[in-house]
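Structure first, commentary second.
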Amino acid sequence: MATRTKNVSVEDLQNIVGEGHAREAGAGDAVDGVPPSFVVEPGSTEEIAGLMKLANDRDLAVAPRGGGTTMSLGNPPRALDLILGTTRMNAVVEHVPGDQVVRVQSGIRFGDLQERLAGSDQMLGVDPPEAGEGATVGGIVAANSSGPRRYRYGTVRDLIIGITVVLADGTVAKAGGKVVKNVAGYDLSKLFTGSLGTLGVIAECNFRLHPRPETARTVAVELPDTASAGAASQAILHAQIVPSAVELVWDGETRLLTILIEGIPSGVEAQAEAASHILGGFGEVRELADDEAMPSGPPGAGDDAVAVKISAPPAELTGVLDSTLGASSRLGVTPRITGHAGTGVTYVGLSGGEEEARAGVVEELREIWLRRGGSVVVRQASPAFKERVEAWGPIGTRLDLTRRVKDKFDPRGILNPGRFVGGI
Amino acid sequence: MQRDLLIRGMQDILGPEGVISEREQLRSYECDGLMNYRVIPELVVLPETAEQVQSVVKLCYDEGIPFVARGSGTGLSGGALPVESGVLIVLSRLRRILEVDIPNQRVVVEPGVINIWVSQEVAEEGYYYAPDPASQIVSSIGGNLAENSGGVHCLKYGFTTNHVMGAEIVLPDGTMVNVGGGKAADAPGYELLGAFVGSEGTLGIATKITLRIVRKPEAVRTLLAAFKDTEEAGGAVSGIIGGGIVPAAIEMMDSLCIEAVETAVHPGFPRAGAILIVELDGPAAEVEYQFQHTIKVCEENDASEVRIAEDDEERALFWKGRKAAFAAMGRIANDYYVQDSVVPRTELGAVLKRISELGAEYGMRVANVFHAGDGNLHPLVLYDNDVEGEAEKAEALAGDIVFTCLEHGGSLTGEHGIGEDKKKYMPKMFTTEDLDTMQLLRCAFDPHQICNPGKIFPTPRLCGERPGPFRMHPVQQAGLAENF
């Protein structure tokens, strides 16, 4: 990569996107400490295509960026020349409420889209924590971000129904469409979901929408121990209630399993009672007020030096808690744990202790949960930490196929080189 | 490779019982549920284990022999149509349910397991497998995965792709990979599972599949409403969904379809221009409230009759009538040609009107039975194969219906797949760039294009990476593809 020819000027970029939309990069544009040369902000799919063609011809490493909320996900880039910012592409291209689908440009802020959809009593059923920090729709798709309501609505891959992408060589291609039920052609929308900008730049996305629930209630149980966390979660999962979220918080003295029920008033009422009844078998139950409900997203950068995401079978919740608490306590690290208990996703923030100790906790958890069919991904950490612990962990038998997919879509390796799984 | 050597090679892997090579026996496999296309394969093999599938594929790969996977053979787009001088790999002997994991709400199956077996296996625990294609009593999970099968209840619960959580796949070069989280929620890396589901057998063969099972709902309510015509019924559909309800199913049948069904299975449907079957499920209090709202919307849209299923028996009768629709066409016509286009729900009225005009222009009858909630039409063009030229005319009319749907922002297929049948229409929906980009994925999975070649894409691209001295690819030799 050291041989990259940096024969590109800000004027070359301005010729494509206009004078005001390409600039020299500043300190705040670095990705994991790697500084880019330029930041360029295309205003259309055609402009993205022009930029990619230029980048491909001149061997420039490109990092697509939406709201910039999740730039620390993945390994530090192996090379970085251009940040391709999408936030000028912020239009709702089409929204027909009666069809419950929406087509947007990828740079629209997720919050703006939800606000717009709320006017039709509709919503896009994903609720990632970075939504409130200015994340764009394209960024959420590329990072496959999810939140508590994935329990009910699934994740981006379940809601995305069409996509327009610009490949590394500037080719503009679409897949899917604007109808929910559609099996024509390969489902590239799903392939691009979570691909972290390594296969192409997402220009537009189409989604299935859901009606906004009229009302909501949240009931929570105080958990006496880790065993009751697993047992209470299981009891809710196998009941005939349909919560929107089943969440866990295990942070210092706060140890709660919370159940979010949404829908029409009579239904919410009945289900909240049923949930309270079930939870009552495990500890003290109380109803949470709106501002207290769904207390926090994943433990973030704030105090936490390192944040990881553990995916494990949902019935292993107690095991996830025990292994995390055990390793942390032995190595002198303070864990904060939140999670989507119903779906088997747990976020752990690690603070305190030496970096080596925090790395030790992550490695120990990774060893355990890989063996038991899960994964441990480092969501947030300093570049130095990522030198010790690779961000994604091994992906087993599919590494070779993964590389072949990358090579076909981006043969010159200009899109986010080094950041994704297996160093691709 | 010589035929007898190939047979011997396959027999070494599968034993003599696992290889079919007699022409008369091969003939039983010449088509799937779409009978307009027939090809007799070179060989049919019947592996019993994933390892045998892997060995068979490896042999095909080493010898450059194309292969096609087949489940129960119920597909409606020719996805399992054999290729000439190729091997047909029939998965129906891989039919074990390997694991039932209620705590994690997962069932692990082999690909030949029949769809309905999964629900039967977990029924006592209060669970079921949600995707319910009309073929569910015979179609296999492997076939469902390949086609991303839908069903009447996918409006609320999603399609096969939303319920397959992991798969062990034999790639076209014989390597075995695991994709998807399986029992865990997410797996780092590309969403290879999402790309694989619905790829119509062109990216490899799934040999072990992890399915999500769903808790049975507390309450189910079903009604049948009769309307003057499909337009009024369509108004009710919009009203129900516009009211913020996501029903488990909304199905519509027009008068011609009702007539056929009445003649065939006597469900006692009202004589009407159109009927809707609407099913709601979920927590009891919510279902009850929404059911009353649904009845009100039907009445506001001038329903001439609203029948409520009072028990499971009556509900089963409604569904019996609906599910018999395709088969019942035999009572009113010798032959029919079915399409599977999808339109945005708000375009339903305009599209149905145009279909009726097209029928009149062609002088042919078109019966409509469809998944109204998702705008997935199944127009049945009725014709008589014994009358010269009618079959061609029916196909032309069906094609015009497809184009109408595309003009209204729809899709070529909602659940039957592209396969052999609709690949000629793909350029109407996608640009050359779109199709070439999809084939990049194909080239990553199957660089030698030996896995179900010739399906989905009207112009197959070769991937240009066959090692060693240049050899003309068989598909290329036959003039079916150009180099990529």
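Following the order of the structure tokens, chains are lettered A, B, ..., residues in each are numbered from 1, and ligands are numbered from 1.
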
Which neighbours of range 286-288 of chain A fall inside 10 Å, counting only C-alpha atoms, when residues of the same chain fewer than 5 positions from it are skipped, and could you give them as a ChimeraX atom specification?
/A:217-222,258-260,272,276,279-280,293-295

Give me the residues near Arg212 in chain A as an mmCIF file with all heavy atoms, in the first residue's frame, where near means some atom within 7 Å (using only C-alpha atoms) and where sequence neighbours in that chain fewer than 6 positions away do not count.
data_model
loop_
_atom_site.group_PDB
_atom_site.id
_atom_site.type_symbol
_atom_site.label_atom_id
_atom_site.label_comp_id
_atom_site.auth_asym_id
_atom_site.auth_seq_id
_atom_site.Cartn_x
_atom_site.Cartn_y
_atom_site.Cartn_z
ATOM 1 N N ASP A 121 -47.735 8.359 10.891
ATOM 2 C CA ASP A 121 -47.884 7.303 11.900
ATOM 3 C C ASP A 121 -47.141 6.028 11.517
ATOM 4 O O ASP A 121 -47.617 4.917 11.738
ATOM 5 C CB ASP A 121 -49.372 6.976 12.149
ATOM 6 C CG ASP A 121 -50.032 8.029 13.008
ATOM 7 O OD1 ASP A 121 -49.326 8.625 13.844
ATOM 8 O OD2 ASP A 121 -51.248 8.265 12.831
ATOM 9 N N GLN A 122 -45.981 6.207 10.887
ATOM 10 C CA GLN A 122 -45.178 5.051 10.517
ATOM 11 C C GLN A 122 -43.765 5.211 11.052
ATOM 12 O O GLN A 122 -43.371 6.278 11.514
ATOM 13 C CB GLN A 122 -45.135 4.907 8.984
ATOM 14 C CG GLN A 122 -46.502 4.532 8.426
ATOM 15 C CD GLN A 122 -46.502 4.358 6.923
ATOM 16 O OE1 GLN A 122 -45.529 4.650 6.239
ATOM 17 N NE2 GLN A 122 -47.616 3.876 6.408
ATOM 18 N N MET A 123 -43.018 4.120 10.981
ATOM 19 C CA MET A 123 -41.626 4.172 11.429
ATOM 20 C C MET A 123 -40.818 3.092 10.736
ATOM 21 O O MET A 123 -41.354 2.116 10.238
ATOM 22 C CB MET A 123 -41.549 3.956 12.950
ATOM 23 C CG MET A 123 -42.063 2.583 13.345
ATOM 24 S SD MET A 123 -41.819 2.281 15.099
ATOM 25 C CE MET A 123 -42.091 0.509 15.151
#

Using only C-alpha atoms, determine which residues lie at most 10 Å from range 399-405 of chain A, disregarding the query and same-chain residues fewer than 5 positions distant; provide the list as an mmCIF file with N, CA, C and O atoms, in the first residue's frame.
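Result written to out_33.cif:
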data_model
loop_
_atom_site.group_PDB
_atom_site.id
_atom_site.type_symbol
_atom_site.label_atom_id
_atom_site.label_comp_id
_atom_site.auth_asym_id
_atom_site.auth_seq_id
_atom_site.Cartn_x
_atom_site.Cartn_y
_atom_site.Cartn_z
ATOM 1 N N LEU A 191 -26.479 -8.381 1.363
ATOM 2 C CA LEU A 191 -25.019 -8.503 1.277
ATOM 3 C C LEU A 191 -24.337 -7.209 1.722
ATOM 4 O O LEU A 191 -23.325 -7.225 2.404
ATOM 5 N N LEU A 199 -17.572 -3.033 0.120
ATOM 6 C CA LEU A 199 -17.995 -3.601 -1.166
ATOM 7 C C LEU A 199 -18.454 -2.537 -2.144
ATOM 8 O O LEU A 199 -18.572 -2.785 -3.340
ATOM 9 N N PRO A 394 -11.879 -14.308 14.662
ATOM 10 C CA PRO A 394 -11.847 -15.205 13.506
ATOM 11 C C PRO A 394 -13.255 -15.503 12.984
ATOM 12 O O PRO A 394 -14.210 -15.545 13.760
ATOM 13 N N ASP A 410 -14.409 -5.375 -5.289
ATOM 14 C CA ASP A 410 -13.417 -4.307 -5.149
ATOM 15 C C ASP A 410 -12.033 -4.888 -5.437
ATOM 16 O O ASP A 410 -11.207 -5.031 -4.540
ATOM 17 N N PRO A 411 -11.778 -5.227 -6.694
ATOM 18 C CA PRO A 411 -10.546 -5.970 -7.012
ATOM 19 C C PRO A 411 -9.271 -5.232 -6.627
ATOM 20 O O PRO A 411 -8.263 -5.867 -6.333
ATOM 21 N N VAL A 421 -13.395 -7.733 8.530
ATOM 22 C CA VAL A 421 -12.980 -9.082 8.970
ATOM 23 C C VAL A 421 -11.816 -9.620 8.144
ATOM 24 O O VAL A 421 -11.708 -9.344 6.949
ATOM 25 N N GLY A 422 -10.972 -10.381 8.766
ATOM 26 C CA GLY A 422 -9.871 -11.024 8.066
ATOM 27 C C GLY A 422 -8.906 -10.033 7.440
ATOM 28 O O GLY A 422 -8.179 -10.370 6.517
ATOM 29 N N GLY A 423 -8.952 -8.791 7.894
ATOM 30 C CA GLY A 423 -8.031 -7.787 7.368
ATOM 31 C C GLY A 423 -8.366 -7.307 5.964
ATOM 32 O O GLY A 423 -7.567 -6.622 5.333
ATOM 33 N N ILE A 424 -9.581 -7.619 5.460
ATOM 34 C CA ILE A 424 -9.925 -7.187 4.094
ATOM 35 C C ILE A 424 -10.299 -5.705 4.078
ATOM 36 O O ILE A 424 -10.645 -5.139 5.099
ATOM 37 N N LEU B 171 -20.040 -25.463 -1.109
ATOM 38 C CA LEU B 171 -19.823 -24.538 -2.223
ATOM 39 C C LEU B 171 -19.567 -25.331 -3.502
ATOM 40 O O LEU B 171 -19.220 -26.507 -3.459
ATOM 41 N N THR B 175 -15.956 -27.216 -1.124
ATOM 42 C CA THR B 175 -15.614 -26.864 0.251
ATOM 43 C C THR B 175 -16.900 -26.607 1.040
ATOM 44 O O THR B 175 -17.941 -26.267 0.475
ATOM 45 N N VAL B 177 -18.772 -24.543 4.090
ATOM 46 C CA VAL B 177 -18.672 -23.359 4.941
ATOM 47 C C VAL B 177 -19.938 -23.214 5.777
ATOM 48 O O VAL B 177 -21.000 -23.718 5.410
ATOM 49 N N GLY B 189 -18.785 -10.234 9.766
ATOM 50 C CA GLY B 189 -18.475 -10.515 8.365
ATOM 51 C C GLY B 189 -19.660 -10.237 7.465
ATOM 52 O O GLY B 189 -20.692 -9.728 7.912
ATOM 53 N N TYR B 190 -19.484 -10.523 6.194
ATOM 54 C CA TYR B 190 -20.554 -10.264 5.233
ATOM 55 C C TYR B 190 -21.786 -11.109 5.532
ATOM 56 O O TYR B 190 -21.687 -12.218 6.037
ATOM 57 N N GLU B 191 -22.941 -10.584 5.142
ATOM 58 C CA GLU B 191 -24.219 -11.264 5.305
ATOM 59 C C GLU B 191 -24.341 -12.308 4.190
ATOM 60 O O GLU B 191 -25.179 -12.172 3.283
ATOM 61 N N LEU B 192 -23.498 -13.320 4.243
ATOM 62 C CA LEU B 192 -23.486 -14.315 3.169
ATOM 63 C C LEU B 192 -24.749 -15.161 3.197
ATOM 64 O O LEU B 192 -25.237 -15.605 2.154
ATOM 65 N N LEU B 440 -21.345 -10.799 -10.001
ATOM 66 C CA LEU B 440 -20.067 -10.773 -9.277
ATOM 67 C C LEU B 440 -20.140 -11.730 -8.091
ATOM 68 O O LEU B 440 -19.184 -12.431 -7.768
ATOM 69 N N LEU B 441 -21.311 -11.723 -7.460
ATOM 70 C CA LEU B 441 -21.510 -12.622 -6.325
ATOM 71 C C LEU B 441 -21.456 -14.073 -6.805
ATOM 72 O O LEU B 441 -20.838 -14.936 -6.185
ATOM 73 N N ARG B 442 -22.097 -14.302 -7.925
ATOM 74 C CA ARG B 442 -22.077 -15.629 -8.525
ATOM 75 C C ARG B 442 -20.639 -16.089 -8.778
ATOM 76 O O ARG B 442 -20.264 -17.219 -8.477
ATOM 77 N N CYS B 443 -19.854 -15.185 -9.295
ATOM 78 C CA CYS B 443 -18.470 -15.534 -9.620
ATOM 79 C C CYS B 443 -17.640 -15.810 -8.355
ATOM 80 O O CYS B 443 -16.717 -16.624 -8.391
ATOM 81 N N ALA B 444 -17.984 -15.131 -7.243
ATOM 82 C CA ALA B 444 -17.259 -15.391 -6.000
ATOM 83 C C ALA B 444 -17.587 -16.784 -5.457
ATOM 84 O O ALA B 444 -16.724 -17.484 -4.951
ATOM 85 N N PHE B 445 -18.842 -17.174 -5.588
ATOM 86 C CA PHE B 445 -19.265 -18.481 -5.075
ATOM 87 C C PHE B 445 -18.939 -19.608 -6.049
ATOM 88 O O PHE B 445 -18.611 -20.716 -5.645
ATOM 89 N N PRO B 447 -17.011 -19.800 -9.435
ATOM 90 C CA PRO B 447 -16.247 -19.225 -10.545
ATOM 91 C C PRO B 447 -16.325 -20.044 -11.835
ATOM 92 O O PRO B 447 -16.212 -19.474 -12.913
#

Taking 3 positions as the minimum chain separation for residues in the same chain, which residues sit within 12 Å of Ile241 in chain A when counting only C-alpha atoms? Answer as an NGL selection string.
(:A and (152 or 235-238 or 244-246 or 259-263 or 267-278)) or (:B and (214-219 or 281-286))

Include N, CA and C atoms and write out the residues we just selected as a CSV table (one decimal), in the first residue's frame.
chain,number,residue,atom,x,y,z
A,152,ARG,N,-38.5,-7.5,18.2
A,152,ARG,CA,-39.7,-7.6,17.5
A,152,ARG,C,-39.6,-7.4,16.0
A,235,ALA,N,-38.4,-17.1,30.6
A,235,ALA,CA,-39.8,-17.2,30.9
A,235,ALA,C,-40.6,-16.2,30.0
A,236,ILE,N,-40.0,-15.0,29.7
A,236,ILE,CA,-40.7,-14.1,28.9
A,236,ILE,C,-40.7,-14.6,27.4
A,237,LEU,N,-39.5,-15.1,27.0
A,237,LEU,CA,-39.4,-15.6,25.6
A,237,LEU,C,-40.4,-16.7,25.3
A,238,HIS,N,-40.7,-17.5,26.2
A,238,HIS,CA,-41.6,-18.6,25.9
A,238,HIS,C,-43.0,-18.4,26.2
A,244,SER,N,-41.8,-5.7,22.4
A,244,SER,CA,-41.0,-5.1,21.4
A,244,SER,C,-39.5,-5.2,21.8
A,245,ALA,N,-39.2,-5.3,23.1
A,245,ALA,CA,-37.8,-5.5,23.5
A,245,ALA,C,-37.8,-6.2,24.8
A,246,VAL,N,-36.7,-7.0,25.0
A,246,VAL,CA,-36.4,-7.6,26.3
A,246,VAL,C,-34.9,-7.3,26.6
A,259,ILE,N,-38.9,-5.1,30.1
A,259,ILE,CA,-39.7,-5.6,29.0
A,259,ILE,C,-40.5,-4.4,28.5
A,260,LEU,N,-40.3,-4.1,27.2
A,260,LEU,CA,-41.1,-3.1,26.5
A,260,LEU,C,-42.2,-3.6,25.8
A,261,ILE,N,-43.4,-3.2,26.1
A,261,ILE,CA,-44.6,-3.6,25.4
A,261,ILE,C,-45.2,-2.5,24.6
A,262,GLU,N,-45.5,-2.6,23.4
A,262,GLU,CA,-46.0,-1.5,22.6
A,262,GLU,C,-47.2,-2.0,21.8
A,263,GLY,N,-48.1,-1.1,21.5
A,263,GLY,CA,-49.3,-1.5,20.7
A,263,GLY,C,-50.5,-0.6,21.0
A,267,GLY,N,-54.4,-3.8,24.4
A,267,GLY,CA,-53.4,-4.9,24.2
A,267,GLY,C,-52.2,-4.7,25.1
A,268,VAL,N,-51.7,-3.5,25.2
A,268,VAL,CA,-50.5,-3.2,26.0
A,268,VAL,C,-50.8,-3.4,27.5
A,269,GLU,N,-52.0,-3.0,27.9
A,269,GLU,CA,-52.5,-3.2,29.3
A,269,GLU,C,-52.4,-4.7,29.6
A,270,ALA,N,-53.0,-5.5,28.8
A,270,ALA,CA,-53.1,-6.9,29.2
A,270,ALA,C,-51.7,-7.6,29.1
A,271,GLN,N,-50.9,-7.2,28.2
A,271,GLN,CA,-49.6,-7.8,28.1
A,271,GLN,C,-48.7,-7.4,29.2
A,272,ALA,N,-48.8,-6.1,29.6
A,272,ALA,CA,-47.9,-5.6,30.6
A,272,ALA,C,-48.2,-6.3,31.9
A,273,GLU,N,-49.5,-6.6,32.1
A,273,GLU,CA,-49.9,-7.3,33.3
A,273,GLU,C,-49.4,-8.7,33.3
A,274,ALA,N,-49.5,-9.4,32.1
A,274,ALA,CA,-49.0,-10.7,32.0
A,274,ALA,C,-47.5,-10.7,32.2
A,275,ALA,N,-46.8,-9.8,31.7
A,275,ALA,CA,-45.3,-9.7,31.8
A,275,ALA,C,-45.0,-9.5,33.3
A,276,SER,N,-45.7,-8.6,34.0
A,276,SER,CA,-45.4,-8.4,35.4
A,276,SER,C,-45.6,-9.7,36.2
A,277,HIS,N,-46.7,-10.4,35.9
A,277,HIS,CA,-47.0,-11.6,36.6
A,277,HIS,C,-45.8,-12.6,36.4
A,278,ILE,N,-45.3,-12.7,35.2
A,278,ILE,CA,-44.2,-13.7,34.9
A,278,ILE,C,-43.0,-13.2,35.7
B,214,VAL,N,-41.3,-20.0,16.0
B,214,VAL,CA,-42.1,-18.9,16.6
B,214,VAL,C,-43.1,-19.4,17.6
B,215,ARG,N,-43.3,-18.7,18.7
B,215,ARG,CA,-44.3,-19.1,19.7
B,215,ARG,C,-45.7,-19.0,19.0
B,216,LYS,N,-46.5,-20.0,19.3
B,216,LYS,CA,-47.9,-19.9,18.7
B,216,LYS,C,-48.6,-18.7,19.4
B,217,PRO,N,-49.4,-18.0,18.5
B,217,PRO,CA,-50.1,-16.9,19.1
B,217,PRO,C,-51.2,-17.3,20.1
B,218,GLU,N,-51.5,-16.3,21.0
B,218,GLU,CA,-52.5,-16.6,22.0
B,218,GLU,C,-53.9,-16.7,21.4
B,219,ALA,N,-54.1,-15.8,20.3
B,219,ALA,CA,-55.4,-15.8,19.7
B,219,ALA,C,-55.3,-15.7,18.2
B,281,ASP,N,-53.6,-12.5,14.2
B,281,ASP,CA,-53.2,-13.3,15.3
B,281,ASP,C,-52.3,-12.5,16.2
B,282,GLY,N,-52.1,-13.0,17.5
B,282,GLY,CA,-51.3,-12.3,18.4
B,282,GLY,C,-51.9,-12.4,19.8
B,283,PRO,N,-51.5,-11.4,20.7
B,283,PRO,CA,-52.1,-11.4,22.0
B,283,PRO,C,-53.6,-11.1,22.0
B,284,ALA,N,-54.4,-11.8,22.8
B,284,ALA,CA,-55.9,-11.8,22.7
B,284,ALA,C,-56.5,-10.5,22.6
B,285,ALA,N,-56.1,-9.6,23.6
B,285,ALA,CA,-56.8,-8.3,23.7
B,285,ALA,C,-56.6,-7.5,22.4
B,286,GLU,N,-55.4,-7.5,21.9
B,286,GLU,CA,-55.0,-6.8,20.7
B,286,GLU,C,-55.8,-7.3,19.5

Taking a cut-off of 7 Å and counting only C-alpha atoms, can you build a table that, for each residue of chain A near chain B, reports the nearest atom pair and how far apart they are in Å (one decimal), sorted by chain then residue number, as a tab-separated table?
residue	atom	partner	partner_atom	distance
A:Gly98	CA	B:Thr346	CA	6.0
A:Asp99	CA	B:Arg345	CA	5.4
A:Asp158	CA	B:Asn162	CA	6.2
A:Thr171	CA	B:Glu433	CA	6.9
A:Val172	CA	B:Glu433	CA	6.9
A:Ala173	CA	B:Asp434	CA	4.5
A:Lys174	CA	B:Asp434	CA	5.4
A:Ala175	CA	B:Asp434	CA	6.7
A:Val179	CA	B:Pro344	CA	5.7
A:Val180	CA	B:Asp374	CA	6.8
A:Lys181	CA	B:Gly414	CA	5.0
A:Asn182	CA	B:Gly414	CA	4.2
A:Val183	CA	B:Gly414	CA	5.4
A:Ala184	CA	B:Thr413	CA	5.7
A:Gly185	CA	B:Ile456	CA	6.8
A:Tyr186	CA	B:Ser199	CA	5.8
A:Asp187	CA	B:Ala195	CA	5.3
A:Leu188	CA	B:Ala195	CA	6.3
A:Lys190	CA	B:Gly194	CA	5.5
A:Leu191	CA	B:Glu191	CA	4.9
A:Thr193	CA	B:Glu191	CA	6.8
A:Gly194	CA	B:Tyr190	CA	6.5
A:Ser195	CA	B:Tyr190	CA	5.6
A:Pro211	CA	B:Gly244	CA	5.1
A:Gln234	CA	B:Pro103	CA	6.9
A:His238	CA	B:Arg215	CA	6.8
A:Gln240	CA	B:Glu218	CA	5.7
A:Ile241	CA	B:Pro283	CA	6.1
A:Ile264	CA	B:Glu286	CA	6.7
A:Ser266	CA	B:Ala285	CA	6.1
A:Gly267	CA	B:Glu286	CA	4.3
A:Ala270	CA	B:Ala285	CA	6.7
A:Ser311	CA	B:Ala184	CA	5.6
A:Ala312	CA	B:Ala184	CA	4.4
A:Pro313	CA	B:Ala184	CA	4.3
A:Pro314	CA	B:Asn104	CA	5.9
A:Ala315	CA	B:Asn104	CA	5.5
A:Thr343	CA	B:Ala185	CA	6.1
A:Gly344	CA	B:Ala185	CA	5.9
A:Val345	CA	B:Ala185	CA	6.6
A:Gly373	CA	B:Ala184	CA	6.6
A:Gly374	CA	B:Ala184	CA	5.4
A:Ser375	CA	B:Ala187	CA	6.6
A:Trp392	CA	B:Pro188	CA	6.4
A:Ile395	CA	B:Pro188	CA	6.9
A:Thr397	CA	B:Val177	CA	5.0
A:Arg398	CA	B:Val177	CA	5.5
A:Leu401	CA	B:Phe445	CA	7.0
A:Thr402	CA	B:Tyr190	CA	6.9
A:Arg404	CA	B:Ala444	CA	5.2
A:Val405	CA	B:Ala444	CA	5.1
A:Lys408	CA	B:Leu440	CA	5.7
A:Phe409	CA	B:Leu440	CA	6.6
A:Val421	CA	B:Gly189	CA	5.7

Strand (DSSP E or B) residues, from DSSP on the backbone, in range 303-347 of chain B, as a ChimeraX atom specification:
/B:305-308,335-338,340,342

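Near range 35-41 of chain B, within 6 Å and counting only C-alpha atoms, sit Arg27, Glu30, Cys31, Gly33, Leu43, Pro82, Val83, Glu84, Ser85 and Gly86 of chain B, not including residues fewer than 2 positions from it in the same chain.
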